[in-house]
file work05.cif (mmCIF, C-alpha atoms)
data_work
#
loop_
_atom_site.label_atom_id
_atom_site.label_comp_id
_atom_site.auth_asym_id
_atom_site.auth_seq_id
_atom_site.Cartn_x
_atom_site.Cartn_y
_atom_site.Cartn_z
CA MET A 1 -5.23 -7.40 -48.91
CA ASN A 2 -6.49 -4.29 -47.14
CA SER A 3 -6.17 -1.00 -48.95
CA GLU A 4 -4.41 1.91 -47.23
CA LYS A 5 -7.75 3.67 -46.92
CA ASP A 6 -9.32 0.66 -45.15
CA ILE A 7 -6.38 0.48 -42.75
CA GLN A 8 -6.65 4.19 -41.91
CA THR A 9 -10.42 3.84 -41.35
CA HIS A 10 -9.82 0.84 -39.09
CA ILE A 11 -7.10 2.68 -37.14
CA ASP A 12 -9.46 5.67 -36.72
CA GLN A 13 -11.96 3.28 -35.18
CA LEU A 14 -9.33 1.65 -32.96
CA MET A 15 -8.16 5.09 -31.78
CA LYS A 16 -11.73 5.94 -30.83
CA ASP A 17 -12.00 2.64 -28.92
CA ALA A 18 -8.72 3.38 -27.14
CA GLU A 19 -9.79 6.91 -26.23
CA LYS A 20 -13.26 5.94 -25.03
CA PRO A 21 -13.16 2.41 -23.62
CA ALA A 22 -16.36 0.88 -22.24
CA PHE A 23 -17.04 2.04 -18.68
CA LEU A 24 -16.59 -0.82 -16.20
CA SER A 25 -18.25 -1.38 -12.86
CA THR A 26 -17.03 -3.38 -9.89
CA ASN A 27 -18.60 -6.71 -8.93
CA ALA A 28 -21.52 -6.82 -6.51
CA ASP A 29 -19.39 -8.25 -3.68
CA PHE A 30 -16.66 -5.60 -4.04
CA GLU A 31 -17.68 -3.61 -0.95
CA GLU A 32 -18.24 -6.68 1.19
CA THR A 33 -14.77 -8.05 0.35
CA LEU A 34 -13.20 -4.66 0.96
CA PHE A 35 -14.81 -4.16 4.37
CA VAL A 36 -13.65 -7.63 5.44
CA ARG A 37 -10.13 -6.46 4.60
CA PHE A 38 -10.70 -3.29 6.64
CA ASP A 39 -11.77 -5.46 9.60
CA GLU A 40 -8.58 -7.49 9.26
CA ILE A 41 -6.50 -4.30 9.29
CA ASP A 42 -8.33 -3.05 12.40
CA ASN A 43 -7.77 -6.35 14.17
CA GLN A 44 -4.06 -6.21 13.38
CA ASN A 45 -3.86 -2.66 14.72
CA THR A 46 -5.72 -3.31 17.98
CA PRO A 47 -3.18 -2.85 20.78
CA LYS A 48 -2.52 -6.05 22.65
CA ILE A 49 -2.90 -5.67 26.45
CA ALA A 50 0.32 -7.00 27.86
CA THR A 51 0.39 -7.77 31.62
CA PHE A 52 3.85 -7.24 32.98
CA PHE A 53 3.22 -9.23 36.15
CA THR A 54 0.53 -11.49 37.40
CA LEU A 55 -0.57 -10.95 40.99
CA SER A 56 1.53 -13.84 42.34
CA GLU A 57 4.58 -12.43 40.52
CA VAL A 58 3.96 -9.02 42.08
CA ARG A 59 3.88 -10.67 45.52
CA LYS A 60 7.08 -12.54 44.73
CA TYR A 61 8.91 -9.38 43.64
CA ALA A 62 7.52 -7.46 46.63
CA ALA A 63 8.90 -10.14 49.00
CA VAL A 64 12.33 -10.02 47.36
CA ILE A 65 12.42 -6.23 47.57
CA LEU A 66 11.31 -6.33 51.23
CA ILE A 67 14.05 -8.83 52.13
CA LEU A 68 16.60 -6.66 50.35
CA ILE A 69 15.46 -3.55 52.21
CA LEU A 70 15.63 -5.40 55.56
CA ASN A 71 19.14 -6.69 54.81
CA VAL A 72 20.44 -3.31 53.76
CA SER A 73 18.82 -1.65 56.79
CA ALA A 74 20.34 -4.23 59.14
CA ILE A 75 23.82 -3.76 57.66
CA LEU A 76 23.53 0.02 57.85
CA PHE A 77 22.24 -0.10 61.42
CA TYR A 78 25.00 -2.42 62.59
CA SER A 79 27.81 -0.54 60.89
CA THR A 80 26.61 2.86 62.13
CA ASN A 81 26.27 1.67 65.73
CA SER A 82 29.61 -0.14 65.91
CA ASP A 83 31.42 2.90 64.44
CA SER A 84 30.03 5.23 67.08
CA GLU A 85 30.73 2.95 70.04
CA GLN A 86 34.29 2.06 69.19
CA THR A 87 36.17 4.85 70.92
CA THR A 88 39.92 5.60 70.98
CA GLU A 89 40.16 4.41 74.59
CA ASP A 90 38.87 0.97 73.70
CA ILE A 91 41.40 0.72 70.94
CA SER A 92 44.35 1.63 73.18
CA GLU A 93 43.11 -0.80 75.83
CA TYR A 94 43.08 -3.61 73.32
CA SER A 95 46.44 -2.67 71.87
CA GLU A 96 48.05 -2.64 75.31
CA GLU A 97 46.65 -6.06 76.00
CA TYR A 98 47.60 -7.67 72.74
CA PHE A 99 50.63 -5.58 71.72
CA PRO A 100 52.73 -4.90 74.85
CA ASP A 101 55.23 -2.10 74.39
CA TYR A 102 58.79 -2.66 73.43
CA ALA A 103 60.14 -2.12 77.01
CA THR A 104 58.06 -4.91 78.40
CA LEU A 105 59.18 -7.22 75.67
CA THR A 106 62.88 -6.43 76.14
CA SER A 107 62.68 -6.80 79.97
CA LEU A 108 61.74 -10.42 79.51
CA GLU A 109 65.12 -11.10 77.98
CA MET B 1 -20.55 17.95 4.18
CA GLU B 2 -17.28 19.88 4.12
CA GLU B 3 -14.31 17.93 2.78
CA LYS B 4 -12.33 18.61 5.99
CA GLU B 5 -15.11 17.20 8.10
CA PHE B 6 -15.40 14.20 5.78
CA ILE B 7 -11.63 13.58 5.92
CA GLN B 8 -11.76 13.74 9.71
CA LYS B 9 -14.43 11.07 9.71
CA LEU B 10 -12.25 8.93 7.45
CA ARG B 11 -9.32 9.42 9.82
CA ASN B 12 -11.53 8.22 12.65
CA LYS B 13 -12.21 5.10 10.51
CA ASP B 14 -15.89 5.95 10.30
CA ARG B 15 -17.36 3.07 8.28
CA THR B 16 -20.25 5.12 6.91
CA ALA B 17 -17.81 7.70 5.55
CA PHE B 18 -15.70 4.95 4.00
CA GLN B 19 -18.76 3.38 2.45
CA GLN B 20 -19.62 6.75 0.89
CA LEU B 21 -16.05 7.15 -0.38
CA VAL B 22 -15.93 3.65 -1.84
CA ARG B 23 -19.30 4.02 -3.56
CA GLN B 24 -18.28 7.31 -5.13
CA TYR B 25 -14.84 6.32 -6.38
CA LYS B 26 -14.72 2.53 -6.86
CA ASP B 27 -15.75 2.61 -10.52
CA PRO B 28 -13.55 5.53 -11.64
CA ILE B 29 -10.56 3.93 -9.90
CA LEU B 30 -11.38 0.55 -11.43
CA ASN B 31 -11.38 2.16 -14.87
CA ILE B 32 -8.03 3.83 -14.27
CA CYS B 33 -6.50 0.52 -13.18
CA TYR B 34 -8.08 -1.22 -16.17
CA GLY B 35 -6.58 1.43 -18.47
CA TYR B 36 -3.17 0.12 -17.45
CA LEU B 37 -3.78 -3.58 -16.87
CA ASN B 38 -6.47 -4.41 -19.44
CA ASP B 39 -7.78 -7.22 -17.26
CA VAL B 40 -11.00 -6.72 -15.29
CA ASP B 41 -10.14 -9.13 -12.47
CA ASP B 42 -6.64 -7.73 -12.00
CA ALA B 43 -8.03 -4.18 -12.15
CA GLU B 44 -10.60 -5.00 -9.48
CA ASP B 45 -7.95 -6.57 -7.24
CA LEU B 46 -5.83 -3.46 -7.65
CA THR B 47 -8.83 -1.23 -6.85
CA GLN B 48 -9.18 -3.16 -3.59
CA GLU B 49 -5.49 -2.51 -2.92
CA VAL B 50 -5.95 1.20 -3.58
CA PHE B 51 -8.81 1.50 -1.06
CA THR B 52 -6.90 -0.60 1.45
CA GLU B 53 -3.95 1.79 1.15
CA VAL B 54 -6.31 4.74 1.57
CA TYR B 55 -7.72 3.11 4.72
CA LYS B 56 -4.26 2.48 6.14
CA THR B 57 -2.69 5.83 5.30
CA ILE B 58 -5.54 8.34 5.55
CA SER B 59 -4.07 9.53 8.88
CA ASN B 60 -0.92 10.61 6.97
CA PHE B 61 -2.90 12.51 4.31
CA LYS B 62 -1.65 16.10 4.54
CA GLU B 63 -4.47 17.72 2.55
CA GLU B 64 -1.99 19.42 0.22
CA ALA B 65 -4.12 18.05 -2.62
CA SER B 66 -7.81 17.20 -2.69
CA LEU B 67 -8.87 13.79 -1.45
CA PHE B 68 -9.77 12.49 -4.90
CA THR B 69 -6.45 13.75 -6.38
CA TRP B 70 -4.59 11.90 -3.64
CA MET B 71 -6.58 8.72 -4.29
CA TYR B 72 -6.08 8.91 -8.05
CA ARG B 73 -2.34 9.34 -7.46
CA ILE B 74 -2.34 6.15 -5.43
CA ALA B 75 -4.28 4.39 -8.22
CA VAL B 76 -1.82 5.56 -10.91
CA SER B 77 1.22 4.73 -8.81
CA ARG B 78 -0.09 1.25 -7.92
CA SER B 79 -0.98 0.56 -11.57
CA LEU B 80 2.48 1.58 -12.76
CA ASP B 81 4.06 -0.62 -10.08
CA GLU B 82 1.92 -3.53 -11.24
CA LEU B 83 2.94 -2.93 -14.87
CA LYS B 84 6.61 -2.92 -13.87
CA LYS B 85 6.08 -6.15 -11.96
CA ARG B 86 4.50 -7.71 -15.03
CA ARG B 87 7.34 -6.58 -17.24
CA SER B 88 9.81 -8.21 -14.92
CA LEU B 89 7.90 -11.50 -15.12
CA LYS B 90 8.97 -13.88 -17.81
CA ARG B 91 7.04 -12.76 -20.85
CA ALA B 92 6.53 -16.36 -21.90
CA ALA B 93 4.66 -17.15 -18.69
CA TYR B 94 2.49 -14.08 -19.08
CA PHE B 95 1.59 -14.85 -22.69
CA GLU B 96 0.95 -18.47 -21.85
CA LYS B 97 -1.59 -17.36 -19.25
CA ARG B 98 -3.17 -14.97 -21.73
CA VAL B 99 -3.38 -17.58 -24.49
CA ARG B 100 -4.90 -20.09 -22.06
CA SER B 101 -7.43 -17.54 -20.90
CA GLU B 102 -8.34 -16.65 -24.48
CA ALA B 103 -8.66 -20.33 -25.40
CA ALA B 104 -10.97 -20.85 -22.41
CA ASP B 105 -13.02 -17.81 -23.43
CA LEU B 106 -13.28 -19.10 -26.98
CA GLU B 107 -14.36 -22.54 -25.73
CA MET B 108 -17.05 -20.92 -23.60
CA SER B 109 -18.28 -18.82 -26.49
CA GLN B 110 -18.50 -21.95 -28.68
CA THR B 111 -20.54 -23.88 -26.11
CA ALA B 112 -22.97 -21.06 -25.42
CA SER B 113 -25.37 -20.75 -28.32
CA ASP B 114 -26.67 -17.28 -27.39
CA LEU B 115 -23.20 -15.70 -27.44
CA PRO B 116 -21.82 -13.87 -30.53
CA ASP B 117 -20.05 -15.64 -33.36
CA PRO B 118 -16.70 -17.06 -32.04
CA GLU B 119 -14.80 -15.69 -35.01
CA GLU B 120 -16.22 -12.24 -34.38
CA ASP B 121 -15.42 -12.64 -30.69
CA LEU B 122 -11.84 -13.56 -31.49
CA TYR B 123 -11.56 -10.58 -33.84
CA GLN B 124 -12.78 -8.28 -31.05
CA LYS B 125 -10.21 -9.78 -28.70
CA GLN B 126 -7.51 -9.30 -31.30
CA GLN B 127 -8.44 -5.64 -31.59
CA GLN B 128 -8.29 -5.25 -27.81
CA LEU B 129 -4.89 -6.93 -27.72
CA PHE B 130 -3.67 -4.62 -30.49
CA ILE B 131 -4.84 -1.52 -28.62
CA GLN B 132 -3.31 -2.74 -25.36
CA ASP B 133 0.03 -3.68 -26.91
CA SER B 134 0.14 -0.29 -28.66
CA LEU B 135 -0.61 1.51 -25.37
CA ASN B 136 2.13 -0.51 -23.65
CA GLN B 137 4.65 1.02 -26.03
CA LEU B 138 3.87 4.58 -24.95
CA ALA B 139 6.25 6.33 -22.53
CA GLU B 140 5.08 6.18 -18.91
CA THR B 141 4.01 9.83 -18.58
CA GLN B 142 2.22 9.79 -21.95
CA ARG B 143 0.47 6.58 -20.93
CA THR B 144 -0.70 8.10 -17.65
CA ALA B 145 -1.89 11.29 -19.32
CA PHE B 146 -3.73 9.20 -21.92
CA VAL B 147 -5.37 6.85 -19.37
CA LEU B 148 -6.50 9.76 -17.20
CA SER B 149 -7.83 11.69 -20.18
CA GLN B 150 -10.07 8.67 -20.94
CA GLN B 151 -11.89 9.21 -17.65
CA ASP B 152 -15.20 10.97 -17.95
CA GLY B 153 -15.39 14.24 -16.07
CA LEU B 154 -11.66 14.48 -15.39
CA SER B 155 -10.44 17.88 -16.59
CA TYR B 156 -6.92 18.64 -17.77
CA LYS B 157 -6.52 20.77 -14.64
CA GLU B 158 -7.36 17.75 -12.48
CA ILE B 159 -4.99 15.54 -14.50
CA ALA B 160 -2.30 18.20 -14.00
CA ASP B 161 -2.91 18.05 -10.22
CA ILE B 162 -2.76 14.25 -10.17
CA MET B 163 0.44 14.13 -12.22
CA GLU B 164 1.90 17.20 -10.49
CA LYS B 165 2.60 18.91 -13.80
CA SER B 166 1.54 22.18 -15.41
CA LEU B 167 -1.67 22.46 -17.40
CA SER B 168 0.22 23.19 -20.64
CA SER B 169 2.45 20.14 -20.23
CA ILE B 170 -0.63 17.94 -19.74
CA GLU B 171 -2.22 19.33 -22.91
CA SER B 172 1.00 18.59 -24.73
CA LEU B 173 1.36 15.11 -23.20
CA VAL B 174 -2.18 14.07 -24.14
CA HIS B 175 -1.72 15.41 -27.68
CA ARG B 176 1.62 13.62 -28.11
CA SER B 177 0.29 10.40 -26.60
CA LYS B 178 -2.49 10.30 -29.22
CA GLN B 179 -0.06 11.07 -32.03
CA ASN B 180 2.39 8.41 -30.87
CA LEU B 181 -0.33 5.84 -30.30
CA ARG B 182 -1.56 6.31 -33.85
CA LYS B 183 1.99 6.00 -35.18
CA ILE B 184 2.56 2.79 -33.17
CA MET B 185 -0.72 1.38 -34.51
CA GLU B 186 0.21 2.20 -38.09
CA ASP B 187 3.65 0.61 -37.69
CA ASN B 188 2.33 -2.62 -36.16
CA TYR B 189 -1.01 -2.98 -37.92
CA GLU B 190 0.06 -5.69 -40.32
CA ASN B 191 1.42 -7.88 -37.51
CA TYR B 192 -2.06 -8.15 -36.02
CA PHE B 193 -4.58 -8.02 -38.89
#

call {"tool": "encode", "arguments": {"input": "work05.cif", "output": "structure tokens"}}
result
Amino acid sequence: MNSEKDIQTHIDQLMKDAEKPAFLSTNADFEETLFVRFDEIDNQNTPKIATFFTLSEVRKYAAVILILILNVSAILFYSTNSDSEQTTEDISEYSEEYFPDYATLTSLE
Amino acid sequence: MEEKEFIQKLRNKDRTAFQQLVRQYKDPILNICYGYLNDVDDAEDLTQEVFTEVYKTISNFKEEASLFTWMYRIAVSRSLDELKKRRSLKRAAYFEKRVRSEAADLEMSQTASDLPDPEEDLYQKQQQLFIQDSLNQLAETQRTAFVLSQQDGLSYKEIADIMEKSLSSIESLVHRSKQNLRKIMEDNYENYF
């Protein structure tokens, strides 16, 4: 059995070992492995170039937009012109033709 | 080179600057990680993690502390996280791994004729285990102060910066950590030897 003195001497030694552990060095391939990891991080962070449209898609959308513009223009042109040409006289002429006044209708009786 | 200029190069992901940084700090950081983990392979893996985090987050480094203080903080924080992870693992699984690894080491030492006496080797390992288990019983701040005080060339002022505490509290923490470690060793000595 160890004496108290032996135990204290051993603990003194263990304390010294704990306070001053052997200095360690990294393995030879440490840097190489690390820089491979850095490359992987860089590759993940590289912005991906995303093309919104291919050329044929651009043409397709341009055609759709052009057709829309033509349609809208045609509607606007037609409605503007017909509004301006339809005068009050034309309206009364039509109404007389299709809706004869009350006197005319009663005279038929 | 001025530290600001060097940091700017690191922010620009300059590989030469990173190589310089890694060469200067890889061993001190490895030793800090080892102080917590007591396993060379795990400590080296963690050192890789520390440098990877530095690489990823250097653009967020605000220069409120010096570069090395910031890196050492990452090393301490990562090591403590790893220790917590280990504690949460089933202790049985951890000890099984350790026993297997020690058995393998012993087998290797028996087959190699030029290696030291296996009994002596086992005794050395037992001493290491005793030191490590005693250190594991220290409170977290005492443990950190103790591990950092083991590092050559790290002053109490620098430890205070890393731990974001006053100089006097670091002096007290290191002193108490040594006192407590000795007490823990005395209490558990007969369970190991």

call {"tool": "resolve_selection", "arguments": {"input": "work05.cif", "expression": "the PyMOL selection byres ((chain A) within 12 of (chain B))", "output": "MDAnalysis selection string"}}
result
chainID A and resid 1:42 44:45

call {"tool": "write_last_selection", "arguments": {"input": "work05.cif", "atoms": "C-alpha atoms", "output": "PDB file, keeping the file's coordinate frame"}}
result
ATOM      1  CA  MET A   1      -5.230  -7.400 -48.910  1.00  0.00           C
ATOM      2  CA  ASN A   2      -6.490  -4.290 -47.140  1.00  0.00           C
ATOM      3  CA  SER A   3      -6.170  -1.000 -48.950  1.00  0.00           C
ATOM      4  CA  GLU A   4      -4.410   1.910 -47.230  1.00  0.00           C
ATOM      5  CA  LYS A   5      -7.750   3.670 -46.920  1.00  0.00           C
ATOM      6  CA  ASP A   6      -9.320   0.660 -45.150  1.00  0.00           C
ATOM      7  CA  ILE A   7      -6.380   0.480 -42.750  1.00  0.00           C
ATOM      8  CA  GLN A   8      -6.650   4.190 -41.910  1.00  0.00           C
ATOM      9  CA  THR A   9     -10.420   3.840 -41.350  1.00  0.00           C
ATOM     10  CA  HIS A  10      -9.820   0.840 -39.090  1.00  0.00           C
ATOM     11  CA  ILE A  11      -7.100   2.680 -37.140  1.00  0.00           C
ATOM     12  CA  ASP A  12      -9.460   5.670 -36.720  1.00  0.00           C
ATOM     13  CA  GLN A  13     -11.960   3.280 -35.180  1.00  0.00           C
ATOM     14  CA  LEU A  14      -9.330   1.650 -32.960  1.00  0.00           C
ATOM     15  CA  MET A  15      -8.160   5.090 -31.780  1.00  0.00           C
ATOM     16  CA  LYS A  16     -11.730   5.940 -30.830  1.00  0.00           C
ATOM     17  CA  ASP A  17     -12.000   2.640 -28.920  1.00  0.00           C
ATOM     18  CA  ALA A  18      -8.720   3.380 -27.140  1.00  0.00           C
ATOM     19  CA  GLU A  19      -9.790   6.910 -26.230  1.00  0.00           C
ATOM     20  CA  LYS A  20     -13.260   5.940 -25.030  1.00  0.00           C
ATOM     21  CA  PRO A  21     -13.160   2.410 -23.620  1.00  0.00           C
ATOM     22  CA  ALA A  22     -16.360   0.880 -22.240  1.00  0.00           C
ATOM     23  CA  PHE A  23     -17.040   2.040 -18.680  1.00  0.00           C
ATOM     24  CA  LEU A  24     -16.590  -0.820 -16.200  1.00  0.00           C
ATOM     25  CA  SER A  25     -18.250  -1.380 -12.860  1.00  0.00           C
ATOM     26  CA  THR A  26     -17.030  -3.380  -9.890  1.00  0.00           C
ATOM     27  CA  ASN A  27     -18.600  -6.710  -8.930  1.00  0.00           C
ATOM     28  CA  ALA A  28     -21.520  -6.820  -6.510  1.00  0.00           C
ATOM     29  CA  ASP A  29     -19.390  -8.250  -3.680  1.00  0.00           C
ATOM     30  CA  PHE A  30     -16.660  -5.600  -4.040  1.00  0.00           C
ATOM     31  CA  GLU A  31     -17.680  -3.610  -0.950  1.00  0.00           C
ATOM     32  CA  GLU A  32     -18.240  -6.680   1.190  1.00  0.00           C
ATOM     33  CA  THR A  33     -14.770  -8.050   0.350  1.00  0.00           C
ATOM     34  CA  LEU A  34     -13.200  -4.660   0.960  1.00  0.00           C
ATOM     35  CA  PHE A  35     -14.810  -4.160   4.370  1.00  0.00           C
ATOM     36  CA  VAL A  36     -13.650  -7.630   5.440  1.00  0.00           C
ATOM     37  CA  ARG A  37     -10.130  -6.460   4.600  1.00  0.00           C
ATOM     38  CA  PHE A  38     -10.700  -3.290   6.640  1.00  0.00           C
ATOM     39  CA  ASP A  39     -11.770  -5.460   9.600  1.00  0.00           C
ATOM     40  CA  GLU A  40      -8.580  -7.490   9.260  1.00  0.00           C
ATOM     41  CA  ILE A  41      -6.500  -4.300   9.290  1.00  0.00           C
ATOM     42  CA  ASP A  42      -8.330  -3.050  12.400  1.00  0.00           C
ATOM     43  CA  GLN A  44      -4.060  -6.210  13.380  1.00  0.00           C
ATOM     44  CA  ASN A  45      -3.860  -2.660  14.720  1.00  0.00           C
TER      45      ASN A  45
END

call {"tool": "atom_distance", "arguments": {"input": "work05.cif", "atom1": "atom CA of Arg87 of chain B", "atom2": "atom CA of Tyr36 of chain B"}}
result
12.5 Å

call {"tool": "atom_distance", "arguments": {"input": "work05.cif", "atom1": "atom CA of Phe68 of chain B", "atom2": "atom CA of Ile162 of chain B"}}
result
8.9 Å

call {"tool": "closest_residue", "arguments": {"input": "work05.cif", "among": "B:Glu2, B:Asp14, B:Asp117, B:Glu140", "to": "Lys84 of chain B", "atoms": "only C-alpha atoms"}}
result
B:Glu140

call {"tool": "atom_distance", "arguments": {"input": "work05.cif", "atom1": "atom CA of Ile69 of chain A", "atom2": "atom CA of Asn81 of chain A"}}
result
18.1 Å

call {"tool": "residues_around", "arguments": {"input": "work05.cif", "residues": "Lys157 of chain B", "least_positions_apart": "5", "cutoff": "12 Å", "atoms": "only C-alpha atoms", "output": "list of chain:residue names"}}
result
B:Thr69, B:Ala145, B:Leu148, B:Ser149, B:Ile162, B:Met163, B:Glu164, B:Lys165, B:Ser166, B:Leu167, B:Ser168, B:Ser169, B:Ile170, B:Glu171

call {"tool": "closest_residue", "arguments": {"input": "work05.cif", "among": "B:Thr144, B:Gln137, B:Ser172, B:Asn191", "to": "Arg78 of chain B", "atoms": "only C-alpha atoms"}}
result
B:Thr144

call {"tool": "residues_around", "arguments": {"input": "work05.cif", "residues": "segment 57-65 of chain B", "least_positions_apart": "5", "cutoff": "9 Å", "atoms": "all atoms listed in the file", "output": "number ranges by chain"}}
result
B: 4, 7-8, 10-13, 52, 70, 161-162

call {"tool": "closest_residue", "arguments": {"input": "work05.cif", "among": "B:Leu83, B:Leu21, B:Ile184, B:Ile159", "to": "Asn38 of chain B", "atoms": "all atoms listed in the file"}}
result
B:Leu83

call {"tool": "decode", "arguments": {"input": "work05.cif", "residues": "segment 158-178 of chain B", "atoms": "C-alpha atoms", "output": "mmCIF file, in the first residue's frame"}}
result
data_model
loop_
_atom_site.group_PDB
_atom_site.id
_atom_site.type_symbol
_atom_site.label_atom_id
_atom_site.label_comp_id
_atom_site.auth_asym_id
_atom_site.auth_seq_id
_atom_site.Cartn_x
_atom_site.Cartn_y
_atom_site.Cartn_z
ATOM 1 C CA GLU B 158 -4.414 37.495 -23.205
ATOM 2 C CA ILE B 159 -6.419 34.812 -21.386
ATOM 3 C CA ALA B 160 -8.537 37.611 -19.886
ATOM 4 C CA ASP B 161 -9.184 38.962 -23.409
ATOM 5 C CA ILE B 162 -10.113 35.518 -24.743
ATOM 6 C CA MET B 163 -12.453 34.781 -21.846
ATOM 7 C CA GLU B 164 -13.737 38.373 -21.710
ATOM 8 C CA LYS B 165 -12.998 38.648 -17.999
ATOM 9 C CA SER B 166 -10.857 40.918 -15.845
ATOM 10 C CA LEU B 167 -7.195 40.179 -15.219
ATOM 11 C CA SER B 168 -7.785 39.651 -11.485
ATOM 12 C CA SER B 169 -10.596 37.173 -12.092
ATOM 13 C CA ILE B 170 -8.332 35.169 -14.419
ATOM 14 C CA GLU B 171 -5.589 35.059 -11.789
ATOM 15 C CA SER B 172 -8.151 33.853 -9.298
ATOM 16 C CA LEU B 173 -9.666 31.314 -11.715
ATOM 17 C CA VAL B 174 -6.294 29.763 -12.578
ATOM 18 C CA HIS B 175 -5.340 29.598 -8.896
ATOM 19 C CA ARG B 176 -8.667 27.995 -7.926
ATOM 20 C CA SER B 177 -8.551 25.576 -10.859
ATOM 21 C CA LYS B 178 -5.173 24.261 -9.657
#
